[in-house]
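Chemist: Got a structure for you, questions after.
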Amino acid sequence: MIMRTRLPILLIGLLIVSCYQPQRDCAAFKNGRFSFKTILDGVERTTTFTRNDSIEIDDFEGKIDTSSVRWLNDCEYVVKKLRPKTKSEEKSIHIKILSNTDNSYTFEFNVIGDSKKSKGTAMIIN
């Protein structure tokens with residue numbers, strides 16, 4: 001008898017959880033100025049970048065780099081440095097936007113060919 005009363009509650013709970021989809025208005029982030037914080041060697045560091053659909057200009061600790069941006073769809077793109085200085089900089093990076101708010105997006109990224117993925121959040125800079 002207890003199973004019969006819990007079954008409808010369980011089904012309703014599963015329905016609610018399966019219907020939840022995080023906000024993904026990725027097209028809103030194709031252009032703009034953003035910042036991204038990460039931990040490198042135990043120290044928090046910030047990168048700022050400006051993206052204009054197919055070009056991204058990064059500023060990391062005073063070093064400016066330009067990358068091409070190739071959009072695979074509204075929520076996924078590939079970044080490749082235009083003037084790499086090392087072998088590791090020659091590798092393209094795949095970025096997938098997972099969710100967003102009005103002023104930020106959460107993404108996962110990895111070097112193409114590498115299965116290890118990392119996550120981050122980029123904030124819009126006004």
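Residues in the structure tokens are numbered from 1 in each chain, the chains being A, B, ... in the order shown, and ligands are numbered from 1 in the order shown.
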Assign secondary structure with DSSP using the backbone only, and return the residues of chain A in strand (DSSP E or B) as a ChimeraX atom specification.
Modeler: /A:31-40,43-52,55-60,63-73,76-81,93-100,104-111,118-124
Chemist: Would you list the contacts of Asp65 of chain A as a PyMOL selection string, taking every protein, DNA or RNA residue within 12 Å and counting only C-alpha atoms, but skipping same-chain residues closer than 5 positions in sequence?
Modeler: chain A and resi 47-51+55-60+79-85+89
Chemist: Pick out the residues sitting within 12 Å of Ala27 of chain A, and hand them over as number ranges by chain; count only C-alpha atoms, and ignore anything fewer than 4 positions along from it in its own chain.
Modeler: A: 23, 31-32, 52-53, 71-77, 97, 99-100, 105
Chemist: Could you save the residues just selected, with C-alpha atoms, as a PDB file, in the first residue's frame?
Modeler:
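Result file follows (out26.pdb):
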ATOM      1  CA  GLN A  23      19.048  28.556 -19.968  1.00  0.00           C
ATOM      2  CA  ASN A  31      29.932  39.398 -29.623  1.00  0.00           C
ATOM      3  CA  GLY A  32      31.086  41.391 -26.645  1.00  0.00           C
ATOM      4  CA  ASN A  52      33.403  39.895 -32.672  1.00  0.00           C
ATOM      5  CA  ASP A  53      31.784  36.744 -34.067  1.00  0.00           C
ATOM      6  CA  TRP A  71      31.177  28.680 -34.740  1.00  0.00           C
ATOM      7  CA  LEU A  72      29.987  25.077 -35.086  1.00  0.00           C
ATOM      8  CA  ASN A  73      26.485  26.037 -33.905  1.00  0.00           C
ATOM      9  CA  ASP A  74      25.022  28.720 -31.621  1.00  0.00           C
ATOM     10  CA  CYS A  75      26.563  27.099 -28.511  1.00  0.00           C
ATOM     11  CA  GLU A  76      29.866  25.602 -29.715  1.00  0.00           C
ATOM     12  CA  TYR A  77      32.917  27.116 -31.318  1.00  0.00           C
ATOM     13  CA  ILE A  97      28.479  26.898 -23.743  1.00  0.00           C
ATOM     14  CA  SER A  99      24.283  27.467 -19.627  1.00  0.00           C
ATOM     15  CA  ASN A 100      23.989  31.194 -19.162  1.00  0.00           C
ATOM     16  CA  TYR A 105      27.914  31.904 -19.416  1.00  0.00           C
TER      17      TYR A 105
END
Chemist: Can you pull out the residues contacting Phe107 of chain A? Cut-off 6 Å, using only C-alpha atoms, and skip same-chain residues under 2 positions away; I want them as a PDB file with N, CA and C atoms, in the first residue's frame.
Modeler:
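Dumped to part_28.pdb:
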ATOM      1  N   LYS A  96      32.271  24.801 -25.519  1.00  0.00           N
ATOM      2  CA  LYS A  96      30.837  24.525 -25.561  1.00  0.00           C
ATOM      3  C   LYS A  96      30.164  25.270 -24.414  1.00  0.00           C
ATOM      4  N   ILE A  97      29.236  26.165 -24.756  1.00  0.00           N
ATOM      5  CA  ILE A  97      28.479  26.898 -23.743  1.00  0.00           C
ATOM      6  C   ILE A  97      27.419  25.957 -23.182  1.00  0.00           C
ATOM      7  N   LEU A  98      27.444  25.766 -21.860  1.00  0.00           N
ATOM      8  CA  LEU A  98      26.529  24.834 -21.205  1.00  0.00           C
ATOM      9  C   LEU A  98      25.268  25.522 -20.701  1.00  0.00           C
ATOM     10  N   LYS A 119      36.102  23.343 -17.021  1.00  0.00           N
ATOM     11  CA  LYS A 119      34.939  24.227 -17.036  1.00  0.00           C
ATOM     12  C   LYS A 119      35.336  25.610 -16.565  1.00  0.00           C
ATOM     13  N   GLY A 120      34.555  26.581 -16.984  1.00  0.00           N
ATOM     14  CA  GLY A 120      34.787  27.951 -16.568  1.00  0.00           C
ATOM     15  C   GLY A 120      33.534  28.770 -16.727  1.00  0.00           C
TER      16      GLY A 120
END
Chemist: If I take atom CA of Ile112 of chain A and atom CA of Lys37 of chain A, how far is one from the other in Å, to one decimal?
Modeler: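 The value is 21.5 Å.
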Chemist: Can you tell me, as an MDAnalysis selection string, which residues in chain A count as helix (DSSP H, G or I) by DSSP?
Modeler: chainID A and resid 2:19 26:29 88:90
Chemist: Choose the residue, out of A:Ala122, A:Leu40, A:Ile64, A:Val78, that has the smallest atom-to-atom separation from Thr101 of chain A; count only C-alpha atoms.
Modeler: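 Residue with the minimum atom-to-atom distance to Thr101 of chain A: A:Ala122.
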Chemist: Point out the residue among A:Ile125, A:Gly113, A:Val69, A:Glu44 with the least atom-to-atom distance to Lys30 of chain A, counting only C-alpha atoms.
Modeler: A:Val69
